[in-house]
Amino acid sequence: MSLARNVDLLRRLPKLDGLRLAEFGRSADSSSPLEEVTSFGANPGNLRMFAFVPAQLQQPRALVVVLHGCGQTAASYDLGAGWSTLASHYGFAVLMPEQQRVNNGNTCFNWFSPEDTARDSGEAHSIREMIAHMVAAHEIDPRRVFITGLSAGGGMTSVMLATYPEIFAAGAVIAGLPYGIASNLREALDGMFHSPERSAGALGDLVRNASDHRGPWPKISVWHGSADRTVNPSNANEIVKQWLDLHDLPAEPMAETDVDGYPRQAWWNKNGETLVESYTITDMAHGTPLGIADNDHRYGVEGAFLIEAGISSSYHIAKFFGLTDWIRDAETKQPTARPAVAAKPAATLSPAPHLARSIRSAMAEQPAEPKRKRSRGFDLGAFITRALTAAGLMK
């Protein structure tokens, strides 16, 4: 399909009712634990604000800003990605801005529109006002504000990290795009489908020119499916290049590992703190990857652009943000707000998650492999036997 035909398609999206994704969003709204906040400050971007704050919050208090993708609502993406459930389990607040159809016919955040992507302007400024409201209203530690988003929400996550870097400790972009690569629809489509390669310095300058901030810069986690036909997977490499330049880190990964069967690359500072990480979800199309988390819970529900992949991106992102070490107080102090998706009791879990954990433990017992080299002496039979034994499925 030519670029001209793609432009025409996007112009006609409002007539297609958001590619019929609006029905998915509406079905989630009635059962959502999110509450709308109607007065939060200036709103030049004309966005809606939704939030979830569990009864118990870890100390110091933290906030995660979550930006939905095209055709979704705040409630539908929360249901799909499971952020309010994570918030209940780990005691942090969630802010979910929502796009309105009057602003974008497909309910995409306008990540490429100059009036919405500049500091103190449009949608970016509206989201900044929402964050300020949450910090003040719920005594959030200003050093523990994080942001993540999918697709157009991922593009807007890049916008927020670039235009207001001083307010975020870290961010995570899922199937999104780098900041500053588009200032109109034609350039946006070119970035989505072709992802022209730019130098690391040029990409870094786009962020440096977005504000007067000169560091320290937020940490970033990048996620992308290798079979994405909506947003070219090369965009993940460009986001990584952009933030490696800002953090003055080398292009070569400092570590390459597998997490739940998928390759992860990481870069860290001299203190050993990971500043940039990148997950490639092999053979996955456009969307947020879902799966059983390391704590044997499932966060989220499959749906449009919410894909079962055997890895819980929401959990791993929360872990990257440093939010998963908190343990809730006694069960008598359970949060009163109901999460969007209740986690299954441990007794009802099948052996599969526990087997997966045992397999990971067995893998951990293997000698570490040299970087970029696979061991040829791996005993698969012995490894499976140890895993099955640890899971209680073999004596």
# chains A, B, ... in the order shown; residues from 1 in each chain; ligands from 1
$ residues_around --residues "A:Val222" --least-positions-apart "4" --cutoff "7 Å" --atoms "only C-alpha atoms" --output "ChimeraX atom specification"
/A:172-174,236,277-279
$ residues_around --residues "A:Glu308" --least-positions-apart "3" --cutoff "12 Å" --atoms "only C-alpha atoms" --output "PDB file with N, CA, C and O atoms, in the first residue's frame"
ATOM      1  N   GLY A  80      -7.481  -4.536  30.051  1.00  0.00           N
ATOM      2  CA  GLY A  80      -6.617  -5.386  29.254  1.00  0.00           C
ATOM      3  C   GLY A  80      -5.219  -5.545  29.815  1.00  0.00           C
ATOM      4  O   GLY A  80      -4.669  -6.646  29.811  1.00  0.00           O
ATOM      5  N   ALA A  81      -4.629  -4.449  30.287  1.00  0.00           N
ATOM      6  CA  ALA A  81      -3.241  -4.490  30.756  1.00  0.00           C
ATOM      7  C   ALA A  81      -3.116  -4.745  32.250  1.00  0.00           C
ATOM      8  O   ALA A  81      -2.035  -5.060  32.745  1.00  0.00           O
ATOM      9  N   GLY A 225       6.852  -5.933  19.504  1.00  0.00           N
ATOM     10  CA  GLY A 225       6.720  -7.229  18.856  1.00  0.00           C
ATOM     11  C   GLY A 225       7.454  -7.239  17.531  1.00  0.00           C
ATOM     12  O   GLY A 225       7.367  -6.284  16.747  1.00  0.00           O
ATOM     13  N   ILE A 281       9.630  -8.973  21.596  1.00  0.00           N
ATOM     14  CA  ILE A 281       8.690 -10.086  21.738  1.00  0.00           C
ATOM     15  C   ILE A 281       8.565 -10.746  20.371  1.00  0.00           C
ATOM     16  O   ILE A 281       7.814 -10.299  19.499  1.00  0.00           O
ATOM     17  N   ASP A 283       7.826 -12.715  17.116  1.00  0.00           N
ATOM     18  CA  ASP A 283       6.619 -13.203  16.427  1.00  0.00           C
ATOM     19  C   ASP A 283       5.322 -12.605  16.969  1.00  0.00           C
ATOM     20  O   ASP A 283       4.247 -13.113  16.658  1.00  0.00           O
ATOM     21  N   MET A 284       5.387 -11.549  17.770  1.00  0.00           N
ATOM     22  CA  MET A 284       4.168 -10.921  18.271  1.00  0.00           C
ATOM     23  C   MET A 284       3.800  -9.726  17.402  1.00  0.00           C
ATOM     24  O   MET A 284       4.662  -8.955  16.989  1.00  0.00           O
ATOM     25  N   ALA A 285       2.496  -9.566  17.155  1.00  0.00           N
ATOM     26  CA  ALA A 285       1.995  -8.445  16.364  1.00  0.00           C
ATOM     27  C   ALA A 285       1.892  -7.189  17.240  1.00  0.00           C
ATOM     28  O   ALA A 285       2.451  -7.133  18.331  1.00  0.00           O
ATOM     29  N   HIS A 286       1.140  -6.218  16.776  1.00  0.00           N
ATOM     30  CA  HIS A 286       1.037  -4.924  17.450  1.00  0.00           C
ATOM     31  C   HIS A 286       0.185  -5.039  18.708  1.00  0.00           C
ATOM     32  O   HIS A 286      -0.989  -5.417  18.624  1.00  0.00           O
ATOM     33  N   GLY A 287       0.750  -4.709  19.850  1.00  0.00           N
ATOM     34  CA  GLY A 287      -0.035  -4.744  21.082  1.00  0.00           C
ATOM     35  C   GLY A 287       0.812  -4.873  22.326  1.00  0.00           C
ATOM     36  O   GLY A 287       2.049  -4.878  22.276  1.00  0.00           O
ATOM     37  N   THR A 288       0.113  -4.975  23.451  1.00  0.00           N
ATOM     38  CA  THR A 288       0.736  -5.146  24.764  1.00  0.00           C
ATOM     39  C   THR A 288       0.820  -6.627  25.092  1.00  0.00           C
ATOM     40  O   THR A 288      -0.200  -7.323  25.089  1.00  0.00           O
ATOM     41  N   PRO A 289       2.008  -7.155  25.393  1.00  0.00           N
ATOM     42  CA  PRO A 289       2.137  -8.584  25.702  1.00  0.00           C
ATOM     43  C   PRO A 289       1.646  -8.918  27.110  1.00  0.00           C
ATOM     44  O   PRO A 289       1.960  -8.222  28.073  1.00  0.00           O
ATOM     45  N   LEU A 290       0.870 -10.010  27.199  1.00  0.00           N
ATOM     46  CA  LEU A 290       0.300 -10.475  28.462  1.00  0.00           C
ATOM     47  C   LEU A 290       0.819 -11.860  28.789  1.00  0.00           C
ATOM     48  O   LEU A 290       1.203 -12.626  27.910  1.00  0.00           O
ATOM     49  N   GLY A 291       0.790 -12.202  30.079  1.00  0.00           N
ATOM     50  CA  GLY A 291       1.192 -13.542  30.503  1.00  0.00           C
ATOM     51  C   GLY A 291       1.199 -13.649  32.010  1.00  0.00           C
ATOM     52  O   GLY A 291       0.836 -12.710  32.726  1.00  0.00           O
ATOM     53  N   ILE A 292       1.601 -14.811  32.507  1.00  0.00           N
ATOM     54  CA  ILE A 292       1.728 -15.029  33.945  1.00  0.00           C
ATOM     55  C   ILE A 292       2.976 -14.301  34.446  1.00  0.00           C
ATOM     56  O   ILE A 292       4.050 -14.424  33.877  1.00  0.00           O
ATOM     57  N   ARG A 298      -1.852 -13.347  37.023  1.00  0.00           N
ATOM     58  CA  ARG A 298      -2.068 -12.848  35.673  1.00  0.00           C
ATOM     59  C   ARG A 298      -2.658 -11.445  35.765  1.00  0.00           C
ATOM     60  O   ARG A 298      -3.628 -11.208  36.477  1.00  0.00           O
ATOM     61  N   TYR A 299      -2.059 -10.519  35.048  1.00  0.00           N
ATOM     62  CA  TYR A 299      -2.544  -9.149  35.027  1.00  0.00           C
ATOM     63  C   TYR A 299      -3.067  -8.840  33.632  1.00  0.00           C
ATOM     64  O   TYR A 299      -2.322  -8.862  32.658  1.00  0.00           O
ATOM     65  N   GLY A 300      -4.358  -8.563  33.527  1.00  0.00           N
ATOM     66  CA  GLY A 300      -4.935  -8.180  32.254  1.00  0.00           C
ATOM     67  C   GLY A 300      -5.728  -9.283  31.588  1.00  0.00           C
ATOM     68  O   GLY A 300      -5.734 -10.439  32.013  1.00  0.00           O
ATOM     69  N   VAL A 301      -6.414  -8.899  30.516  1.00  0.00           N
ATOM     70  CA  VAL A 301      -7.301  -9.783  29.760  1.00  0.00           C
ATOM     71  C   VAL A 301      -7.055  -9.556  28.280  1.00  0.00           C
ATOM     72  O   VAL A 301      -6.945  -8.420  27.829  1.00  0.00           O
ATOM     73  N   GLU A 302      -6.992 -10.640  27.513  1.00  0.00           N
ATOM     74  CA  GLU A 302      -6.794 -10.519  26.076  1.00  0.00           C
ATOM     75  C   GLU A 302      -7.907  -9.701  25.429  1.00  0.00           C
ATOM     76  O   GLU A 302      -9.064  -9.768  25.837  1.00  0.00           O
ATOM     77  N   GLY A 303      -7.548  -8.941  24.412  1.00  0.00           N
ATOM     78  CA  GLY A 303      -8.512  -8.132  23.678  1.00  0.00           C
ATOM     79  C   GLY A 303      -7.819  -7.483  22.504  1.00  0.00           C
ATOM     80  O   GLY A 303      -6.733  -7.911  22.088  1.00  0.00           O
ATOM     81  N   ALA A 304      -8.438  -6.444  21.960  1.00  0.00           N
ATOM     82  CA  ALA A 304      -7.845  -5.745  20.826  1.00  0.00           C
ATOM     83  C   ALA A 304      -6.509  -5.133  21.234  1.00  0.00           C
ATOM     84  O   ALA A 304      -6.448  -4.310  22.151  1.00  0.00           O
ATOM     85  N   PHE A 305      -5.431  -5.549  20.584  1.00  0.00           N
ATOM     86  CA  PHE A 305      -4.081  -5.072  20.841  1.00  0.00           C
ATOM     87  C   PHE A 305      -3.603  -5.422  22.252  1.00  0.00           C
ATOM     88  O   PHE A 305      -2.728  -4.756  22.805  1.00  0.00           O
ATOM     89  N   ILE A 311       4.399 -13.505  28.605  1.00  0.00           N
ATOM     90  CA  ILE A 311       5.195 -12.583  29.413  1.00  0.00           C
ATOM     91  C   ILE A 311       4.309 -11.406  29.801  1.00  0.00           C
ATOM     92  O   ILE A 311       3.601 -10.854  28.959  1.00  0.00           O
ATOM     93  N   SER A 312       4.317 -11.052  31.072  1.00  0.00           N
ATOM     94  CA  SER A 312       3.486  -9.950  31.563  1.00  0.00           C
ATOM     95  C   SER A 312       4.283  -8.653  31.492  1.00  0.00           C
ATOM     96  O   SER A 312       5.091  -8.354  32.375  1.00  0.00           O
ATOM     97  N   SER A 313       4.039  -7.877  30.436  1.00  0.00           N
ATOM     98  CA  SER A 313       4.779  -6.628  30.292  1.00  0.00           C
ATOM     99  C   SER A 313       4.447  -5.658  31.422  1.00  0.00           C
ATOM    100  O   SER A 313       5.340  -4.956  31.912  1.00  0.00           O
TER     101      SER A 313
END
$ select_by_dssp --residues "stretch 176-335 of chain A" --states "helix (DSSP H, G or I)" --output "PDB file with C-alpha atoms, in the first residue's frame"
ATOM      1  CA  LEU A 185       0.368  13.169   9.505  1.00  0.00           C
ATOM      2  CA  ARG A 186       2.621  12.368   6.552  1.00  0.00           C
ATOM      3  CA  GLU A 187       5.717  12.212   8.761  1.00  0.00           C
ATOM      4  CA  ALA A 188       3.810  10.199  11.353  1.00  0.00           C
ATOM      5  CA  LEU A 189       2.883   7.565   8.775  1.00  0.00           C
ATOM      6  CA  ASP A 190       6.433   7.479   7.454  1.00  0.00           C
ATOM      7  CA  GLY A 191       7.677   6.867  11.000  1.00  0.00           C
ATOM      8  CA  MET A 192       5.069   4.211  11.692  1.00  0.00           C
ATOM      9  CA  PHE A 193       5.557   2.175   8.527  1.00  0.00           C
ATOM     10  CA  ALA A 200      21.865   8.742  17.888  1.00  0.00           C
ATOM     11  CA  GLY A 201      23.033  12.330  18.287  1.00  0.00           C
ATOM     12  CA  ALA A 202      20.221  13.696  16.116  1.00  0.00           C
ATOM     13  CA  LEU A 203      17.634  11.682  18.055  1.00  0.00           C
ATOM     14  CA  GLY A 204      19.067  12.830  21.372  1.00  0.00           C
ATOM     15  CA  ASP A 205      18.993  16.463  20.229  1.00  0.00           C
ATOM     16  CA  LEU A 206      15.263  16.185  19.560  1.00  0.00           C
ATOM     17  CA  VAL A 207      14.756  15.516  23.275  1.00  0.00           C
ATOM     18  CA  ARG A 208      17.333  18.040  24.460  1.00  0.00           C
ATOM     19  CA  SER A 234      12.688  -0.571  13.991  1.00  0.00           C
ATOM     20  CA  ASN A 235      11.123   2.212  16.043  1.00  0.00           C
ATOM     21  CA  ALA A 236      12.188   0.336  19.175  1.00  0.00           C
ATOM     22  CA  ASN A 237      15.817   0.578  18.067  1.00  0.00           C
ATOM     23  CA  GLU A 238      15.397   4.293  17.396  1.00  0.00           C
ATOM     24  CA  ILE A 239      13.910   4.897  20.872  1.00  0.00           C
ATOM     25  CA  VAL A 240      16.805   3.002  22.431  1.00  0.00           C
ATOM     26  CA  LYS A 241      19.329   5.032  20.402  1.00  0.00           C
ATOM     27  CA  GLN A 242      17.647   8.267  21.478  1.00  0.00           C
ATOM     28  CA  TRP A 243      17.929   7.459  25.173  1.00  0.00           C
ATOM     29  CA  LEU A 244      21.378   5.875  25.007  1.00  0.00           C
ATOM     30  CA  ASP A 245      22.592   9.182  23.596  1.00  0.00           C
ATOM     31  CA  LEU A 246      20.920  11.124  26.415  1.00  0.00           C
ATOM     32  CA  HIS A 247      22.434   8.839  29.055  1.00  0.00           C
ATOM     33  CA  SER A 313       4.779  -6.628  30.292  1.00  0.00           C
ATOM     34  CA  SER A 314       2.807  -4.687  32.914  1.00  0.00           C
ATOM     35  CA  TYR A 315       4.422  -6.669  35.745  1.00  0.00           C
ATOM     36  CA  HIS A 316       7.940  -6.361  34.337  1.00  0.00           C
ATOM     37  CA  ILE A 317       7.461  -2.638  33.753  1.00  0.00           C
ATOM     38  CA  ALA A 318       6.247  -2.188  37.341  1.00  0.00           C
ATOM     39  CA  LYS A 319       9.318  -4.155  38.445  1.00  0.00           C
ATOM     40  CA  PHE A 320      11.575  -1.905  36.338  1.00  0.00           C
ATOM     41  CA  GLU A 331      -5.216  -9.147  55.094  1.00  0.00           C
ATOM     42  CA  THR A 332      -7.544  -7.306  57.470  1.00  0.00           C
ATOM     43  CA  LYS A 333      -6.404  -4.116  55.712  1.00  0.00           C
TER      44      LYS A 333
END
$ closest_atom_pairs --of "stretch 201-230 of chain A" --to "stretch 116-137 of chain A" --cutoff "12 Å" --atoms "only C-alpha atoms" --output "JSON lines"
{"residue": "A:Leu206", "atom": "CA", "partner": "A:Ala118", "partner_atom": "CA", "distance": 11.5}
{"residue": "A:Val207", "atom": "CA", "partner": "A:Ala118", "partner_atom": "CA", "distance": 10.8}
{"residue": "A:Asn209", "atom": "CA", "partner": "A:Ala118", "partner_atom": "CA", "distance": 10.3}
{"residue": "A:Ala210", "atom": "CA", "partner": "A:Ala118", "partner_atom": "CA", "distance": 7.0}
{"residue": "A:Ser211", "atom": "CA", "partner": "A:Arg119", "partner_atom": "CA", "distance": 7.0}
{"residue": "A:Asp212", "atom": "CA", "partner": "A:Arg119", "partner_atom": "CA", "distance": 10.2}
{"residue": "A:His213", "atom": "CA", "partner": "A:Arg119", "partner_atom": "CA", "distance": 11.4}
$ closest_residue --among "A:Arg214, A:Asn104, A:Asn184, A:Ala309" --to "A:Ala162" --atoms "only C-alpha atoms"
A:Arg214
$ closest_residue --among "A:His138, A:Lys270, A:His68, A:Lys219" --to "A:Gln100" --atoms "only C-alpha atoms"
A:His68
$ closest_residue --among "A:Pro250, A:Gly69, A:Gly154, A:Pro196" --to "A:His224" --atoms "only C-alpha atoms"
A:Gly154
$ residues_around --residues "A:Thr280" --least-positions-apart "6" --cutoff "7 Å" --atoms "only C-alpha atoms" --output "VMD selection string"
chain A and resid 223 to 226 262 to 264
$ closest_residue --among "A:Gly322, A:Pro216, A:Pro233, A:Gly176" --to "A:Arg61" --atoms "only C-alpha atoms"
A:Gly322
$ atom_distance --atom1 "atom CA of A:Asn271" --atom2 "atom CA of A:Gly171"
19.7 Å
$ closest_residue --among "A:Thr148, A:Ser88, A:Asn295, A:Asn46" --to "A:Val102" --atoms "only C-alpha atoms"
A:Asn46
$ residues_around --residues "A:Val66" --least-positions-apart "3" --cutoff "10 Å" --atoms "only C-alpha atoms" --output "ChimeraX atom specification"
/A:51,63,69,74,77-78,81,83,94-98,146-150,153-154,157,171-172
$ write_last_selection --atoms "all heavy atoms" --output "compact mmCIF listing (two decimals), in the first residue's frame"
# COMPACT_ATOMS: atom_id res chain seq x y z
N ALA A 51 -8.60 7.92 37.47
CA ALA A 51 -7.58 7.53 38.44
C ALA A 51 -8.07 6.37 39.30
O ALA A 51 -9.28 6.14 39.45
CB ALA A 51 -7.21 8.71 39.33
N LEU A 63 3.26 6.93 41.76
CA LEU A 63 2.21 7.12 40.77
C LEU A 63 2.68 6.60 39.41
O LEU A 63 3.79 6.88 38.98
CB LEU A 63 1.87 8.62 40.63
CG LEU A 63 0.94 9.01 39.47
CD1 LEU A 63 -0.47 8.48 39.72
CD2 LEU A 63 0.92 10.53 39.29
N GLY A 69 -3.99 3.01 23.88
CA GLY A 69 -3.75 3.07 22.45
C GLY A 69 -4.97 3.54 21.68
O GLY A 69 -6.02 3.85 22.25
N ALA A 74 -9.62 4.60 28.64
CA ALA A 74 -8.82 4.34 29.85
C ALA A 74 -9.26 3.04 30.49
O ALA A 74 -8.43 2.21 30.88
CB ALA A 74 -8.98 5.52 30.82
N TYR A 77 -8.27 -0.20 28.43
CA TYR A 77 -6.85 -0.54 28.50
C TYR A 77 -6.47 -1.00 29.90
O TYR A 77 -5.62 -1.88 30.07
CB TYR A 77 -5.98 0.63 28.07
CG TYR A 77 -4.52 0.22 27.91
CD1 TYR A 77 -4.17 -0.76 26.98
CD2 TYR A 77 -3.53 0.77 28.70
CE1 TYR A 77 -2.86 -1.18 26.85
CE2 TYR A 77 -2.20 0.37 28.57
CZ TYR A 77 -1.87 -0.61 27.64
OH TYR A 77 -0.56 -1.03 27.52
N ASP A 78 -7.09 -0.42 30.91
CA ASP A 78 -6.84 -0.89 32.28
C ASP A 78 -7.28 -2.33 32.43
O ASP A 78 -6.57 -3.15 33.01
CB ASP A 78 -7.56 0.00 33.28
CG ASP A 78 -7.35 -0.46 34.72
OD1 ASP A 78 -6.18 -0.66 35.10
OD2 ASP A 78 -8.34 -0.64 35.44
N ALA A 81 -4.63 -4.45 30.29
CA ALA A 81 -3.24 -4.49 30.76
C ALA A 81 -3.12 -4.75 32.25
O ALA A 81 -2.03 -5.06 32.74
CB ALA A 81 -2.53 -3.19 30.39
N TRP A 83 -3.49 -2.72 35.05
CA TRP A 83 -2.73 -1.82 35.91
C TRP A 83 -3.39 -1.57 37.26
O TRP A 83 -2.71 -1.45 38.28
CB TRP A 83 -2.45 -0.50 35.19
CG TRP A 83 -1.24 -0.62 34.34
CD1 TRP A 83 -1.18 -0.80 32.99
CD2 TRP A 83 0.12 -0.63 34.79
NE1 TRP A 83 0.13 -0.91 32.56
CE2 TRP A 83 0.95 -0.80 33.65
CE3 TRP A 83 0.74 -0.51 36.03
CZ2 TRP A 83 2.34 -0.86 33.73
CZ3 TRP A 83 2.12 -0.55 36.12
CH2 TRP A 83 2.90 -0.73 34.98
N VAL A 94 -2.67 5.03 40.25
CA VAL A 94 -2.68 4.97 38.78
C VAL A 94 -3.46 6.16 38.24
O VAL A 94 -4.57 6.46 38.70
CB VAL A 94 -3.31 3.66 38.28
CG1 VAL A 94 -3.45 3.68 36.75
CG2 VAL A 94 -2.49 2.46 38.71
N LEU A 95 -2.88 6.83 37.27
CA LEU A 95 -3.54 7.91 36.54
C LEU A 95 -3.67 7.48 35.09
O LEU A 95 -2.68 7.07 34.47
CB LEU A 95 -2.71 9.20 36.62
CG LEU A 95 -3.02 10.29 35.60
CD1 LEU A 95 -4.44 10.81 35.75
CD2 LEU A 95 -2.00 11.42 35.69
N MET A 96 -4.89 7.56 34.54
CA MET A 96 -5.11 7.15 33.15
C MET A 96 -5.83 8.27 32.39
O MET A 96 -7.06 8.36 32.42
CB MET A 96 -5.90 5.85 33.09
CG MET A 96 -5.19 4.68 33.75
SD MET A 96 -5.85 3.05 33.31
CE MET A 96 -5.28 2.86 31.62
N PRO A 97 -5.07 9.14 31.71
CA PRO A 97 -5.71 10.12 30.83
C PRO A 97 -6.46 9.40 29.70
O PRO A 97 -6.09 8.29 29.31
CB PRO A 97 -4.52 10.92 30.28
CG PRO A 97 -3.41 10.67 31.27
CD PRO A 97 -3.61 9.27 31.75
N GLU A 98 -7.50 10.04 29.20
CA GLU A 98 -8.28 9.44 28.11
C GLU A 98 -8.50 10.45 26.99
O GLU A 98 -8.90 11.59 27.23
CB GLU A 98 -9.63 8.93 28.63
CG GLU A 98 -10.47 8.23 27.56
CD GLU A 98 -11.77 7.68 28.10
OE1 GLU A 98 -11.71 6.66 28.82
OE2 GLU A 98 -12.84 8.28 27.83
N PHE A 146 5.99 7.76 37.34
CA PHE A 146 6.38 6.93 36.20
C PHE A 146 5.31 7.03 35.12
O PHE A 146 4.18 7.42 35.39
CB PHE A 146 6.56 5.47 36.64
CG PHE A 146 7.43 5.30 37.85
CD1 PHE A 146 6.88 5.25 39.13
CD2 PHE A 146 8.80 5.20 37.72
CE1 PHE A 146 7.68 5.09 40.25
CE2 PHE A 146 9.62 5.06 38.83
CZ PHE A 146 9.05 5.00 40.11
N ILE A 147 5.66 6.62 33.89
CA ILE A 147 4.70 6.70 32.79
C ILE A 147 4.93 5.57 31.80
O ILE A 147 6.07 5.15 31.57
CB ILE A 147 4.79 8.07 32.08
CG1 ILE A 147 3.66 8.23 31.07
CG2 ILE A 147 6.17 8.28 31.43
CD1 ILE A 147 3.49 9.66 30.55
N THR A 148 3.83 5.05 31.25
CA THR A 148 3.91 4.00 30.23
C THR A 148 2.74 4.15 29.28
O THR A 148 1.72 4.77 29.62
CB THR A 148 3.91 2.60 30.86
OG1 THR A 148 4.04 1.61 29.83
CG2 THR A 148 2.62 2.32 31.62
N GLY A 149 2.87 3.61 28.07
CA GLY A 149 1.77 3.69 27.11
C GLY A 149 1.98 2.75 25.94
O GLY A 149 3.10 2.32 25.65
N LEU A 150 0.87 2.44 25.27
CA LEU A 150 0.86 1.55 24.11
C LEU A 150 0.61 2.34 22.83
O LEU A 150 -0.28 3.19 22.79
CB LEU A 150 -0.24 0.49 24.28
CG LEU A 150 -0.65 -0.27 23.01
CD1 LEU A 150 0.48 -1.19 22.54
CD2 LEU A 150 -1.93 -1.09 23.25
N GLY A 153 -0.31 5.83 22.56
CA GLY A 153 0.00 6.12 23.96
C GLY A 153 1.48 5.98 24.24
O GLY A 153 2.04 6.68 25.09
N GLY A 154 2.14 5.06 23.52
CA GLY A 154 3.59 4.95 23.63
C GLY A 154 4.29 6.15 23.02
O GLY A 154 5.28 6.65 23.56
N THR A 157 3.92 8.79 25.45
CA THR A 157 4.86 8.56 26.56
C THR A 157 6.22 9.16 26.21
O THR A 157 6.85 9.82 27.04
CB THR A 157 4.99 7.06 26.84
OG1 THR A 157 3.74 6.55 27.30
CG2 THR A 157 6.05 6.78 27.89
N GLY A 171 10.17 5.62 32.42
CA GLY A 171 9.05 5.42 31.53
C GLY A 171 9.19 4.11 30.79
O GLY A 171 10.27 3.50 30.79
N ALA A 172 8.10 3.68 30.16
CA ALA A 172 8.11 2.45 29.37
C ALA A 172 7.25 2.66 28.13
O ALA A 172 6.09 3.06 28.24
CB ALA A 172 7.60 1.27 30.18
$ closest_residue --among "A:Pro44, A:Gln72, A:His297, A:Leu275" --to "A:Thr85" --atoms "only C-alpha atoms"
A:His297
$ select_by_dssp --residues "stretch 9-237 of chain A" --states "strand (DSSP E or B)" --output "ChimeraX atom specification"
/A:35-37,48-52,63-67,93-98,145-150,170-174,219-225
